[in-house]
Structures are given as structure tokens and as C-alpha cells.
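The next block is protein.txt, given as compact mmCIF, C-alpha atoms.
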# COMPACT_ATOMS: atom_id res chain seq x y z
CA MET A 1076 0.00 0.00 0.00
CA ASP A 1077 1.26 3.47 -0.94
CA LEU A 1078 1.73 5.64 2.16
CA GLU A 1079 0.76 8.68 0.07
CA THR A 1080 -2.82 7.38 -0.11
CA VAL A 1081 -3.17 6.69 3.60
CA GLY A 1082 -5.42 9.00 5.63
CA ASP A 1083 -3.90 11.60 7.91
CA LEU A 1084 -4.85 9.90 11.18
CA ALA A 1085 -3.69 6.50 9.99
CA LEU A 1086 -0.40 7.97 8.76
CA HIS A 1087 0.14 9.68 12.12
CA ILE A 1088 -0.41 6.36 13.91
CA ILE A 1089 1.96 4.53 11.54
CA LEU A 1090 4.74 7.07 12.07
CA THR A 1091 4.24 6.89 15.83
CA LYS A 1092 4.69 3.11 15.69
CA LEU A 1093 7.78 3.43 13.48
CA GLY A 1094 9.65 5.44 16.10
CA ALA A 1095 11.96 8.41 15.77
CA LYS A 1096 14.67 6.76 13.65
CA TYR A 1097 12.40 5.44 10.90
CA THR A 1098 10.17 8.51 10.98
CA ALA A 1099 13.25 10.56 10.09
CA VAL A 1100 13.97 8.13 7.23
CA THR A 1101 10.36 8.35 6.00
CA ALA A 1102 10.67 12.14 5.80
CA CYS A 1103 13.08 11.70 2.91
CA VAL A 1104 10.52 9.91 0.72
CA SER A 1105 8.19 12.77 -0.29
CA LYS A 1106 7.03 16.27 0.63
CA LYS A 1107 3.82 14.95 2.17
CA LEU A 1108 5.65 12.48 4.37
CA ARG A 1109 8.22 15.11 5.26
CA SER A 1110 5.41 17.39 6.38
CA PHE A 1111 3.81 14.70 8.53
CA ALA A 1112 7.18 13.59 9.92
CA SER A 1113 7.88 17.15 11.04
CA GLU A 1114 4.76 17.55 13.15
CA ASP A 1115 5.79 18.47 16.67
CA SER A 1116 2.97 16.40 18.22
CA LEU A 1117 4.75 13.36 16.78
CA TRP A 1118 8.11 14.37 18.23
CA PHE A 1119 6.46 15.13 21.55
CA LYS A 1120 5.55 11.43 21.68
CA PHE A 1121 9.11 10.39 20.83
CA CYS A 1122 10.59 12.75 23.44
CA SER A 1123 8.11 11.47 26.01
CA GLN A 1124 8.66 7.78 25.21
CA ASP A 1125 12.46 7.82 24.89
CA LEU A 1126 13.53 10.67 27.14
CA ASP A 1127 10.60 11.19 29.51
CA LEU A 1128 10.41 14.84 28.43
CA ASN A 1129 7.16 16.82 28.73
CA GLN A 1130 8.68 20.04 27.46
CA PRO A 1131 11.23 20.74 24.72
CA ILE A 1132 14.60 21.11 26.45
CA ASP A 1133 18.19 20.14 25.73
CA PRO A 1134 20.36 17.92 27.99
CA LEU A 1135 21.35 20.99 30.05
CA GLY A 1136 17.72 21.93 30.68
CA ASN A 1137 17.68 24.87 28.26
CA PRO A 1138 14.46 25.36 26.24
CA THR A 1139 14.46 24.51 22.53
CA PRO A 1140 12.15 25.77 19.73
CA SER A 1141 10.36 22.42 19.34
CA PHE A 1142 10.30 18.80 20.43
CA LYS A 1143 11.83 17.80 17.09
CA VAL A 1144 14.79 20.12 17.70
CA SER A 1145 15.03 18.85 21.26
CA TYR A 1146 15.17 15.20 20.14
CA LYS A 1147 17.83 16.01 17.55
CA ILE A 1148 20.02 17.80 20.12
CA TRP A 1149 19.74 14.86 22.53
CA ARG A 1150 20.73 12.37 19.84
CA GLU A 1151 23.72 14.49 18.82
CA ALA A 1152 24.84 14.99 22.43
CA PHE A 1153 24.96 11.22 23.01
CA SER A 1154 25.84 10.12 19.48
CA MET A 1155 28.93 8.25 20.72
CA TYR A 1156 26.80 5.84 22.78
CA PRO A 1157 24.24 3.13 21.94
CA TRP A 1158 20.92 4.99 21.98
CA LEU A 1159 18.99 2.26 23.82
CA LEU A 1160 21.54 2.40 26.63
CA VAL A 1161 21.18 6.19 26.80
CA ILE A 1162 17.39 5.78 27.08
CA ARG A 1163 17.81 3.21 29.86
CA VAL A 1164 20.16 5.41 31.88
CA LYS A 1165 17.88 8.42 31.37
CA ARG A 1166 14.95 6.41 32.73
CA CYS A 1167 17.01 5.27 35.71
CA TRP A 1168 17.79 8.85 36.67
CA GLY A 1169 14.22 9.87 35.83
CA ARG A 1170 12.77 7.43 38.37
CA LEU A 1171 15.20 8.54 41.05
CA ASN A 1172 14.54 12.22 40.35
CA ASN A 1173 10.77 11.73 40.40
CA TRP A 1174 10.92 9.97 43.76
CA LEU A 1175 13.17 12.68 45.20
CA ASP A 1176 10.89 15.44 43.86
CA ILE A 1177 7.90 13.96 45.67
CA ASN A 1178 9.50 12.60 48.82
CA PHE A 1179 12.94 14.10 49.45
CA PRO A 1180 13.38 17.44 47.61
CA GLU A 1181 16.16 18.57 49.94
CA ALA A 1182 18.27 15.64 48.69
CA LYS A 1183 17.25 16.34 45.08
CA ALA A 1184 18.82 19.79 45.49
CA THR A 1185 22.23 18.17 46.10
CA LEU A 1186 22.39 16.47 42.68
CA ARG A 1187 24.93 18.10 40.39
CA THR A 1188 24.47 18.82 36.70
CA GLY A 1189 25.90 16.13 34.43
CA VAL A 1190 29.44 16.43 33.10
CA SER A 1191 30.56 16.80 29.51
CA GLU A 1192 32.29 14.20 27.38
CA ALA A 1193 35.47 16.29 27.68
CA ASP A 1194 35.20 16.15 31.49
CA ILE A 1195 34.99 12.36 31.38
CA GLN A 1196 37.99 12.10 29.06
CA GLU A 1197 40.04 14.32 31.39
CA PHE A 1198 38.92 12.20 34.36
CA GLU A 1199 40.04 9.02 32.57
CA ARG A 1200 43.38 10.62 31.72
CA ILE A 1201 44.06 11.60 35.33
CA LEU A 1202 43.21 8.20 36.84
CA LYS A 1203 44.40 6.18 33.83
CA VAL A 1204 41.13 4.21 33.57
CA LYS A 1205 38.34 3.68 31.06
CA LEU A 1206 34.92 4.03 32.63
CA PRO A 1207 32.36 1.35 31.74
CA LEU A 1208 29.88 2.77 29.24
CA PRO A 1209 26.82 2.75 31.56
CA THR A 1210 28.76 4.63 34.25
CA ARG A 1211 30.00 7.17 31.68
CA ILE A 1212 26.41 7.91 30.70
CA LEU A 1213 25.28 8.00 34.34
CA TYR A 1214 27.79 10.80 34.96
CA ARG A 1215 26.73 12.57 31.76
CA PHE A 1216 23.27 12.91 33.33
CA CYS A 1217 24.32 13.59 36.93
CA ASP A 1218 27.71 14.32 38.48
CA GLY A 1219 26.97 12.86 41.89
CA GLN A 1220 26.05 14.95 44.92
CA GLU A 1221 27.42 18.11 46.48
CA PHE A 1222 26.65 19.21 50.03
CA THR A 1223 26.68 22.83 51.13
CA SER A 1224 26.69 24.06 54.71
CA GLY A 1225 23.32 24.13 56.45
CA PRO A 1226 21.21 22.50 59.15
CA LEU A 1227 21.26 19.15 57.32
CA VAL A 1228 25.07 19.07 57.13
CA SER A 1229 26.98 18.80 60.40
CA ALA A 1230 30.28 17.59 61.77
CA GLN A 1231 28.79 14.07 61.70
CA GLY A 1232 28.14 14.33 57.96
CA SER A 1233 25.06 14.84 55.82
CA SER A 1234 21.71 13.06 56.01
CA LEU A 1235 21.02 13.73 52.31
CA GLY A 1236 22.83 10.79 50.71
CA LEU A 1237 20.96 9.34 47.74
CA ILE A 1238 21.78 5.78 48.79
CA GLY A 1239 21.02 6.36 52.46
CA GLY A 1240 22.11 4.29 55.42
CA TYR A 1241 21.37 3.26 59.00
CA SER A 1242 22.17 4.15 62.58
CA PHE A 1243 22.69 1.99 65.66
CA TYR A 1244 24.65 2.73 68.83
CA ASP A 1245 27.38 5.12 67.64
CA HIS A 1246 27.47 3.60 64.14
CA LEU A 1247 26.05 6.17 61.71
CA ILE A 1248 26.15 5.62 57.94
CA ASN A 1249 24.76 7.77 55.13
CA VAL A 1250 26.04 7.01 51.63
CA TYR A 1251 26.13 9.55 48.81
CA LEU A 1252 27.31 9.46 45.19
CA LEU A 1253 30.66 11.15 44.67
CA PRO A 1254 31.09 13.80 41.97
CA LEU A 1255 34.00 13.14 39.61
CA ASN A 1256 36.33 15.58 41.38
CA GLU A 1257 35.83 13.68 44.66
CA VAL A 1258 36.18 10.35 42.86
CA ILE A 1259 39.64 11.51 41.77
CA SER A 1260 40.76 12.79 45.18
CA ASN A 1261 39.41 9.78 47.15
CA THR A 1262 40.77 7.25 44.67
CA LYS A 1263 44.25 8.79 44.73
CA VAL A 1264 44.36 8.63 48.53
CA ILE A 1265 43.13 5.04 48.81
CA LEU A 1266 45.29 3.66 45.99
CA ARG A 1267 48.38 4.72 47.95
CA HIS A 1268 47.59 1.98 50.48
CA PRO A 1269 49.74 -1.17 49.95
CA SER A 1270 46.67 -3.43 49.82
CA PHE A 1271 45.55 -1.61 46.64
CA SER A 1272 48.81 -2.05 44.73
CA SER A 1273 47.15 -4.50 42.30
CA ARG A 1274 43.91 -2.49 41.98
CA SER A 1275 44.87 0.43 39.80
CA LYS A 1276 41.62 0.14 37.84
CA TYR A 1277 39.41 0.60 40.89
CA ILE A 1278 37.80 3.96 41.62
CA VAL A 1279 35.76 5.19 44.61
CA VAL A 1280 32.26 6.10 43.41
CA ALA A 1281 30.23 6.29 46.64
CA ALA A 1282 31.01 6.74 50.32
CA SER A 1283 29.47 7.56 53.66
CA SER A 1284 29.65 11.23 54.57
CA THR A 1285 29.81 10.33 58.28
CA HIS A 1286 32.77 9.60 60.55
CA VAL A 1287 32.22 5.85 60.05
CA LYS A 1288 33.94 4.86 56.82
CA LYS A 1289 32.09 2.99 54.09
CA PHE A 1290 33.42 2.98 50.53
CA PHE A 1291 32.10 1.61 47.24
CA PHE A 1292 34.62 0.80 44.49
CA LEU A 1293 33.92 0.38 40.78
CA ASN A 1294 36.23 -2.00 38.93
CA CYS A 1295 36.57 -0.22 35.59
CA THR A 1296 37.81 -3.39 33.88
CA THR A 1297 35.04 -5.80 34.89
CA GLY A 1298 32.26 -3.31 35.66
CA GLN A 1299 31.64 -4.85 39.10
CA LEU A 1300 30.90 -2.67 42.12
CA HIS A 1301 32.52 -3.62 45.42
CA VAL A 1302 32.00 -2.44 48.99
CA GLY A 1303 34.76 -2.41 51.57
CA THR A 1304 34.53 -4.79 54.52
CA GLU A 1305 36.00 -4.59 58.00
CA ASN A 1306 39.29 -5.77 56.49
CA LEU A 1307 39.49 -3.00 53.90
CA PRO A 1308 42.20 -1.05 55.78
CA ILE A 1309 44.13 -4.25 56.50
CA ASN A 1310 44.15 -6.27 53.31
CA GLY A 1311 41.73 -4.48 50.99
CA GLY A 1312 38.82 -6.77 51.87
CA MET A 1313 35.77 -6.25 49.63
CA LEU A 1314 32.50 -7.87 48.62
CA PRO A 1315 30.73 -7.61 45.24
CA CYS A 1316 27.49 -5.60 45.33
CA VAL A 1317 25.80 -7.09 42.26
CA PRO A 1318 25.66 -10.68 40.91
CA ASN A 1319 28.51 -11.11 38.43
CA ALA A 1320 26.24 -12.98 36.00
CA LEU A 1321 24.22 -9.81 35.35
CA ILE A 1322 27.18 -7.69 34.20
CA ASN A 1323 27.62 -7.53 30.44
CA SER A 1324 29.74 -5.86 27.70
CA VAL A 1325 30.75 -2.87 29.81
CA LEU A 1326 33.25 -1.42 27.30
CA ASP A 1327 31.58 -2.32 23.98
CA PHE A 1328 30.37 0.84 22.22
CA ASN A 1329 28.42 -1.22 19.67
CA ASP A 1330 26.33 -3.27 22.10
CA ASP A 1331 22.95 -2.04 23.31
CA GLN A 1332 22.90 -4.63 26.11
CA GLN A 1333 25.66 -3.24 28.30
CA GLN A 1334 24.96 -3.16 32.00
CA ASP A 1335 27.61 -2.60 34.62
CA ALA A 1336 27.08 -2.97 38.36
CA MET A 1337 26.72 0.79 38.85
CA LEU A 1338 23.66 0.97 36.59
CA LEU A 1339 22.12 -2.24 37.97
CA TRP A 1340 22.73 -1.01 41.54
CA LEU A 1341 21.04 2.34 40.98
CA GLU A 1342 18.13 0.73 39.11
CA GLU A 1343 17.52 -1.67 41.99
CA HIS A 1344 17.80 1.17 44.50
CA GLY A 1345 15.23 3.15 42.51
CA ARG A 1346 12.85 0.17 42.46
CA ARG A 1347 13.12 -0.25 46.22
CA LEU A 1348 12.35 3.43 46.75
CA GLU A 1349 9.42 3.43 44.32
CA ASN A 1350 7.94 0.25 45.81
CA GLY A 1351 8.27 1.48 49.38
CA VAL A 1352 10.67 -1.32 50.35
CA ILE A 1353 12.93 1.38 51.82
CA LYS A 1354 11.62 4.70 53.04
CA LEU A 1355 12.52 7.97 54.64
CA HIS A 1356 13.28 7.93 58.35
CA GLU A 1357 12.93 11.06 60.47
CA GLU A 1358 14.61 11.66 63.79
CA GLY A 1359 15.06 14.97 65.54
CA GLY A 1360 13.59 16.78 62.56
CA ILE A 1361 16.25 15.35 60.22
CA ARG A 1362 15.18 13.07 57.39
CA SER A 1363 17.26 10.43 55.61
CA ILE A 1364 16.78 7.29 53.52
CA SER A 1365 16.84 4.22 55.77
CA LEU A 1366 18.13 0.99 54.23
CA PHE A 1367 16.16 -1.15 56.68
CA PRO A 1368 13.43 -2.82 54.54
CA GLU A 1369 9.82 -2.05 55.47
CA GLU A 1370 7.95 -4.41 53.15
CA PRO A 1371 7.84 -8.23 52.89
CA PRO A 1372 9.58 -10.52 52.20
CA LEU A 1373 12.48 -8.55 53.68
CA CYS A 1374 10.37 -7.34 56.58
CA SER A 1375 8.19 -9.40 58.95
CA THR A 1376 5.03 -8.25 60.71
CA ALA A 1377 3.23 -9.71 63.73
CA VAL A 1378 0.27 -8.43 65.79
CA THR A 1379 -0.17 -9.49 69.43
CA ASN A 1380 -2.92 -8.06 71.65
CA GLY A 1381 -3.32 -5.20 69.22
CA VAL A 1382 0.42 -4.43 69.21
CA LYS A 1383 1.88 -4.51 65.70
CA VAL A 1384 5.62 -5.24 65.45
CA ARG A 1385 7.64 -4.99 62.24
CA ALA A 1386 11.17 -6.37 62.06
CA SER A 1387 13.83 -6.30 59.35
CA THR A 1388 17.56 -6.62 58.94
CA VAL A 1389 20.20 -4.93 56.83
CA PHE A 1390 23.66 -6.22 55.94
CA ILE A 1391 26.50 -4.10 57.36
CA PRO A 1392 29.52 -4.78 55.08
CA GLU A 1393 31.89 -2.32 56.78
CA SER A 1394 31.59 -4.36 60.02
CA THR A 1395 31.82 -7.74 58.30
CA ASP A 1396 34.76 -10.14 58.14
CA LEU A 1397 33.62 -12.63 55.52
CA GLN A 1398 36.33 -14.93 54.17
CA ILE A 1399 34.16 -16.79 51.63
CA ASP A 1400 35.22 -14.87 48.54
CA ASN A 1401 38.83 -14.51 49.62
CA GLN A 1402 39.19 -18.30 50.00
CA SER A 1403 37.20 -19.39 46.94
CA SER A 1404 39.93 -18.84 44.38
CA CYS A 1405 43.32 -17.28 43.79
CA GLN A 1406 45.49 -16.62 40.76
CA LEU A 1407 49.26 -16.79 40.46
CA HIS A 1408 50.91 -13.48 39.67
CA ARG A 1409 54.68 -13.87 40.23
CA ARG A 1410 57.38 -16.46 40.91
CA HIS A 1411 60.54 -16.08 42.96
CA TRP A 1412 63.29 -18.71 42.75
CA ILE A 1413 66.58 -18.65 44.68
CA ILE A 1414 69.16 -21.20 43.48
CA HIS A 1415 72.34 -22.13 45.39
CA ALA A 1416 75.37 -24.02 44.08
CA ASN A 1417 76.93 -25.56 47.17
CA ASP A 1418 76.42 -22.66 49.61
CA HIS A 1419 76.68 -19.83 47.09
CA LYS A 1420 73.67 -18.12 45.54
CA VAL A 1421 73.99 -18.35 41.77
CA SER A 1422 70.53 -17.26 40.64
CA ASP A 1423 67.68 -15.09 41.96
CA VAL A 1424 64.68 -15.07 39.62
CA ASN A 1425 61.77 -12.76 40.40
CA ALA A 1426 59.30 -12.40 37.53
CA GLU A 1427 55.68 -12.68 36.46
CA ALA A 1428 53.94 -15.95 35.60
CA VAL A 1429 55.26 -19.50 35.33
CA ILE A 1430 56.10 -20.82 31.85
CA GLY A 1431 54.09 -17.89 30.51
CA LYS A 1432 50.94 -18.82 32.42
CA PHE A 1433 48.93 -17.27 35.26
CA PRO A 1434 47.09 -20.33 36.64
CA LEU A 1435 43.78 -19.78 38.45
CA LEU A 1436 43.32 -22.12 41.43
CA LEU A 1437 39.77 -23.11 42.36
CA PRO A 1438 38.53 -25.31 45.24
CA GLY A 1439 38.13 -28.91 44.12
CA ALA A 1440 39.70 -28.23 40.72
CA LYS A 1441 42.58 -30.20 39.24
CA GLU A 1442 45.98 -29.19 40.57
CA PHE A 1443 48.21 -27.09 38.35
CA VAL A 1444 51.58 -28.71 37.57
CA TYR A 1445 54.40 -27.24 35.55
CA GLU A 1446 57.97 -28.30 34.78
CA SER A 1447 61.06 -26.19 34.21
CA CYS A 1448 64.84 -26.41 34.59
CA ALA A 1449 67.88 -24.37 35.57
CA PRO A 1450 71.65 -24.89 35.00
CA LEU A 1451 73.89 -25.68 38.02
CA PRO A 1452 77.70 -25.44 37.84
CA THR A 1453 78.30 -27.84 40.78
CA SER A 1454 77.20 -31.36 41.72
CA SER A 1455 75.08 -30.19 44.64
CA GLY A 1456 72.96 -27.22 45.60
CA SER A 1457 69.39 -26.25 46.40
CA ILE A 1458 66.39 -24.31 45.14
CA GLU A 1459 63.69 -22.50 47.14
CA GLY A 1460 61.39 -19.56 46.74
CA SER A 1461 57.77 -18.50 46.67
CA PHE A 1462 54.77 -17.82 44.47
CA THR A 1463 52.77 -14.61 44.80
CA PHE A 1464 49.02 -15.16 44.54
CA VAL A 1465 46.15 -12.70 44.33
CA PRO A 1466 42.87 -13.73 46.03
CA GLY A 1467 40.11 -13.93 43.42
CA ARG A 1468 41.50 -13.05 40.01
CA LEU A 1469 44.18 -10.70 38.73
CA THR A 1470 41.46 -8.66 36.98
CA ASP A 1471 39.19 -8.73 40.04
CA PRO A 1472 41.23 -9.04 43.27
CA LYS A 1473 39.38 -9.89 46.47
CA GLY A 1474 42.17 -8.91 48.84
CA ALA A 1475 45.87 -8.18 49.18
CA PRO A 1476 48.45 -10.42 47.42
CA PHE A 1477 50.07 -13.14 49.50
CA GLU A 1478 53.17 -15.31 49.13
CA ALA A 1479 53.03 -19.11 49.14
CA GLU A 1480 56.37 -20.54 50.27
CA VAL A 1481 58.27 -23.13 48.26
CA ALA A 1482 60.36 -25.09 50.75
CA ARG A 1483 63.99 -25.79 49.94
CA VAL A 1484 64.56 -28.71 47.58
CA PRO A 1485 68.04 -30.30 47.24
CA LEU A 1486 69.78 -30.32 43.86
CA GLN A 1487 72.37 -33.09 43.60
CA LEU A 1488 73.97 -35.55 41.23
CA PRO A 1489 71.98 -38.79 41.74
CA ASP A 1490 73.39 -42.26 42.23
CA TYR A 1491 71.07 -43.63 39.57
CA ILE A 1492 70.52 -41.67 36.40
CA PHE A 1493 67.55 -42.46 34.15
Structure rendered as C-alpha cells:
Amino acid sequence: MDLETVGDLALHIILTKLGAKYTAVTACVSKKLRSFASEDSLWFKFCSQDLDLNQPIDPLGNPTPSFKVSYKIWREAFSMYPWLLVIRVKRCWGRLNNWLDINFPEAKATLRTGVSEADIQEFERILKVKLPLPTRILYRFCDGQEFTSGPLVSAQGSSLGLIGGYSFYDHLINVYLLPLNEVISNTKVILRHPSFSSRSKYIVVAASSTHVKKFFFLNCTTGQLHVGTENLPINGGMLPCVPNALINSVLDFNDDQQQDAMLLWLEEHGRRLENGVIKLHEEGGIRSISLFPEEPPLCSTAVTNGVKVRASTVFIPESTDLQIDNQSSCQLHRRHWIIHANDHKVSDVNAEAVIGKFPLLLPGAKEFVYESCAPLPTSSGSIEGSFTFVPGRLTDPKGAPFEAEVARVPLQLPDYIF
């Protein structure tokens, strides 16, 4: 059927179903289709569906002449990214912003305007990392939070963290999203610690503003988000925040299905806020997001003699000493061999890998065996040394490196030679 002969209403419906991309293509077919494809009511629908816009504005919030112009500016501003991923990130921030508008406007006021592509490139240059694509787009929309002095900011920190927290005894936590400038400063400080020597691709993206320390680290290589445990200052102890199986294609610019832990984490947080699983808590006139669940199945309710009691729990990673992940696997990083001829050291080898391999050791898996050789100028001597292992994997360490000793083995001319 020739689109030229289709009625106006039907044509409008068809173009709406085609979407923005194919409507723009249709506009090249004829003058009539170009006229219909330029109607701003059509582009209002596209802006509303894709970008949740109810007025024509650009990514900085400035007004534009029409919804069509607005849509074009948005596409150009994010042309380097898969459009479906941009839409998903925009919706994630949209849900969070809508909830804050209605329930917690004082926290909404702390959100910073998104950064430019040039800002992200400079950030990556300074820290020598490549941000996962979803996190790059998240920062394009919002550069974390910034607290100014006021009644809601005290020496104990701010109660306005987007992630929220909990309070018991003298343990007060309230987590906020760091702007890029604070990501840089916090990451530089923490990476100086010896336990982070093998974690140069980790950055601090969220932290508690209170005197009790709680840090969230994004692994820019794998896209996983980690939270520090009680052992963080000792051996860099961390736990993953999102199931590894959900993370996908974090550095592929041509894949619409990317999702790193940062995006998944914020989406889940938004769902919990929208569904009332977590809510605002007020004490002493100060409001904050409480991470204690208030809806089943994470919260129980019982009524006895007219008394209703709700109970729930929340995991406290910064006070946790879990060894499960640290003991589940480790990967060889370096070898160190010391060879003696008689009582004189003749060789000291300290290098990466063994026979060009970095074996990963897993519980219950087959043992790794390798064979090598070294020349010896005498008829007797010895060899000893150590292997340096990283808990977890080299690309995703779960703690500080450790050395496994190789006990001394004699080297001697045998009585029987085979």
C-alpha cells in the first residue's frame, strides 16, 4: 500500500509506531511524508517515550524551539553511545529524580548537573582508567552529589545521601554518590595503600559522609561494584554488590545490552524506593533514607494483643569479616626462585607468571603442575622460593596479594641416572 494514499490519522499512527529513527527516514521519501514527519505532536511522543520529556529542552535543561529540535540535540549529544543504553540510563535517573521530587526534595537539590564528554575524558586521563559505558552515561546525566553548609550538614556528615544508610549505637552511615572531582581525590588517597597495589583500575564512586567509613569501588575493567569490609584497611577486603552474572559488555560501544554494576545497583535502588521497600526515616527533625526494609519478604510483621511489630535486617559490610570470597579462588601473579650451588647463591629469579601462564586455582579443581629447569655449575645445591598469589583473580582481586612458600629442595647428582 502506498503511504501517500493513507489517511492523515492513519499515517500519524503509523509514524508513531515506526519510532523516531524510521520517521526521520520516511521524511526523505516525499514532501507529504516530510510534512507529517515534522509535526511536533509526533516528536512530543518520541521525546516522552524515549527521554521522559514533557517540554522541549536540551540535555542541560535549556528550552528549545520544538520537540523535534530537542530530540535532535539529545541524539547528537549522546551520538557516541548506543541509543537504547542512553534511554535506559535516562529512565534510571528519571525514576530517582521523580521519587526525590515527591518525597525528598532537599536531597534532590544536592544532585549536580551532568558532566561533559570532555570532562569524562580528562577524568580518565588523570586516573588512567576507562569508565564502563553505563557509568559514563550516568555521569553525563548527573555528576553525583554536592553538600553545602546548612542545618542538614553537620560535623557528623550529611543526612542527604541518595543511597542512604542506618544508625545503631554510635554507628552512623549515610552514603552519597561522589562527583568526579571527589572520585579523583578519594581514589588517589586510597590507591596509595599497599593493599591496593594491584587495583589500579578501581575507583571510589560512593562513600558515607559520616565519621564511620564505608566505601564503594567500581572496577573499571570488569564493571563490578565492590563495597569495603572490616578488612578493607588491613588487606583491601571487599564484597561484590551485584551478581557477576548480570554484568555484560561494559566497554563495547556497539552493544545495546551493556549493564555494569553501577547501573544495575542504581536501578535496583530506585525500584526499592518506588515500591516502598525502603523509606525515609525522620529523627530529631532530620530526614534520611533508611536501608532497613519495610515491606515483605524482607520485613516481617506480627500483631499481638493489638500491638503490631515490624522487624527487618540490613547487611553491614563495613563491620563484616567474611572470608568466603577470599578463599574461593586465587590466581598466580609472580614467581621467585633462589638457586644455590653448594652454599653460594647463583641465581635469583623474580618475575611474572610460570612458563608464561597465570594459573587460576579453584577449590576442588585439578591441581596445576608445571615443569622447568635451571643450570647448576656444581654437583650439589638447592632451590627454594615462593609464588605470589592474588585472592580472586588478577582482573578482580578480592584482597591483598600473598606469598606461598616453596620449601627448599636439594639439587644433587643422583646415584642412579635415568
As a compact mmCIF listing (two decimals) with C-alpha atoms, keeping the file's coordinate frame, please: the residues near Arg1163 in chain A (cut-off 12 Å, all atoms listed in the file, same-chain neighbours under 2 positions excluded).
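Output file around_34.txt follows:
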# COMPACT_ATOMS: atom_id res chain seq x y z
CA GLN A 1124 8.66 7.78 25.21
CA ASP A 1125 12.46 7.82 24.89
CA LEU A 1126 13.53 10.67 27.14
CA ASP A 1127 10.60 11.19 29.51
CA TYR A 1156 26.80 5.84 22.78
CA PRO A 1157 24.24 3.13 21.94
CA TRP A 1158 20.92 4.99 21.98
CA LEU A 1159 18.99 2.26 23.82
CA LEU A 1160 21.54 2.40 26.63
CA VAL A 1161 21.18 6.19 26.80
CA LYS A 1165 17.88 8.42 31.37
CA ARG A 1166 14.95 6.41 32.73
CA CYS A 1167 17.01 5.27 35.71
CA TRP A 1168 17.79 8.85 36.67
CA GLY A 1169 14.22 9.87 35.83
CA ARG A 1170 12.77 7.43 38.37
CA PRO A 1209 26.82 2.75 31.56
CA THR A 1210 28.76 4.63 34.25
CA ILE A 1212 26.41 7.91 30.70
CA LEU A 1213 25.28 8.00 34.34
CA PHE A 1216 23.27 12.91 33.33
CA ASP A 1331 22.95 -2.04 23.31
CA GLN A 1332 22.90 -4.63 26.11
CA GLN A 1333 25.66 -3.24 28.30
CA GLN A 1334 24.96 -3.16 32.00
CA LEU A 1338 23.66 0.97 36.59
CA LEU A 1339 22.12 -2.24 37.97
CA LEU A 1341 21.04 2.34 40.98
CA GLU A 1342 18.13 0.73 39.11
Do you know which residues are at most 12 Å from Glu1181 in chain A counting all atoms listed in the file, after dropping those on the same chain fewer than 5 positions away, and could you put them as a list in words?
Asn1172, Trp1174, Leu1175, Asp1176, Leu1186, Gln1220, Glu1221, Phe1222, Thr1223, Gly1225, Pro1226, Leu1227, Val1228, Ser1233, Ser1234, Leu1235, Gly1236, Leu1237, Ile1361, Arg1362, Ser1363 and Ile1364 of chain A
Give as a PyMOL selection string each residue that has an atom at most 10 Å from (9.2, -8.8, 55.7) in the file, counting all atoms listed in the file.
chain A and resi 1352+1368-1376+1385-1388
Select all residues near (42.6, 0.9, 40.4) (cut-off 10 Å, inclusive, file coordinates), counting only C-alpha atoms, and output them as number ranges by chain.
A: 1202-1204, 1262-1263, 1265-1266, 1271-1279, 1292-1296
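Taking CA of Ala1152 in chain A and CA of Gly1345 in chain A as the two end points, the separation is 25.2 Å.
For the pair CA of Leu1252 in chain A and CA of Ser1284 in chain A, the separation is 9.8 Å.
Take CA of Ser1154 in chain A and CA of Pro1207 in chain A: the distance between them is 16.4 Å.
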Would you list the contacts of Trp1118 in chain A as a list in words, taking every protein, DNA or RNA residue within 8 Å and counting only C-alpha atoms, but skipping same-chain residues closer than 6 positions in sequence?
Ala1095, Phe1142, Lys1143 and Tyr1146 of chain A
Counting all atoms listed in the file, figure out which residue out of A:Asp1218, A:Asp1396, A:Asp1245, A:Glu1427 gets nearest to Ile1309 in chain A.
A:Asp1396
Distance query range 1473-1481 of chain A at most 8 Å, all atoms listed in the file, self and fewer than 4 positions along chain excluded, as a ChimeraX atom specification
/A:1270-1271,1273,1310-1314,1400-1401,1459-1468
Fewer than 5 positions away in the same chain doesn't count, so skip those; otherwise give me all residues within 12 Å of Cys1448 in chain A, counting only C-alpha atoms, as a PyMOL selection string.
chain A and resi 1412+1414+1429-1430+1458+1486
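Closest approach to His1286 in chain A from the set A:Ile1248, A:Val1317, A:Val1378, A:Ala1336 is made by A:Ile1248, with distances taken over all atoms listed in the file.
Nearest residue to Ser1404 in chain A, choosing from A:Gly1456, A:Pro1472, A:Pro1489, A:Pro1134 and counting all atoms listed in the file: A:Pro1472.
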Pick the closest to Glu1197 in chain A from A:Ile1259, A:Val1144, A:Leu1247, A:Ala1449: which is it, counting all atoms listed in the file?
A:Ile1259
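Using all atoms listed in the file, the shortest contact distance between Asn1256 in chain A and any of A:Phe1291, A:Phe1198, A:Phe1179, A:Phe1433 is found at A:Phe1198.
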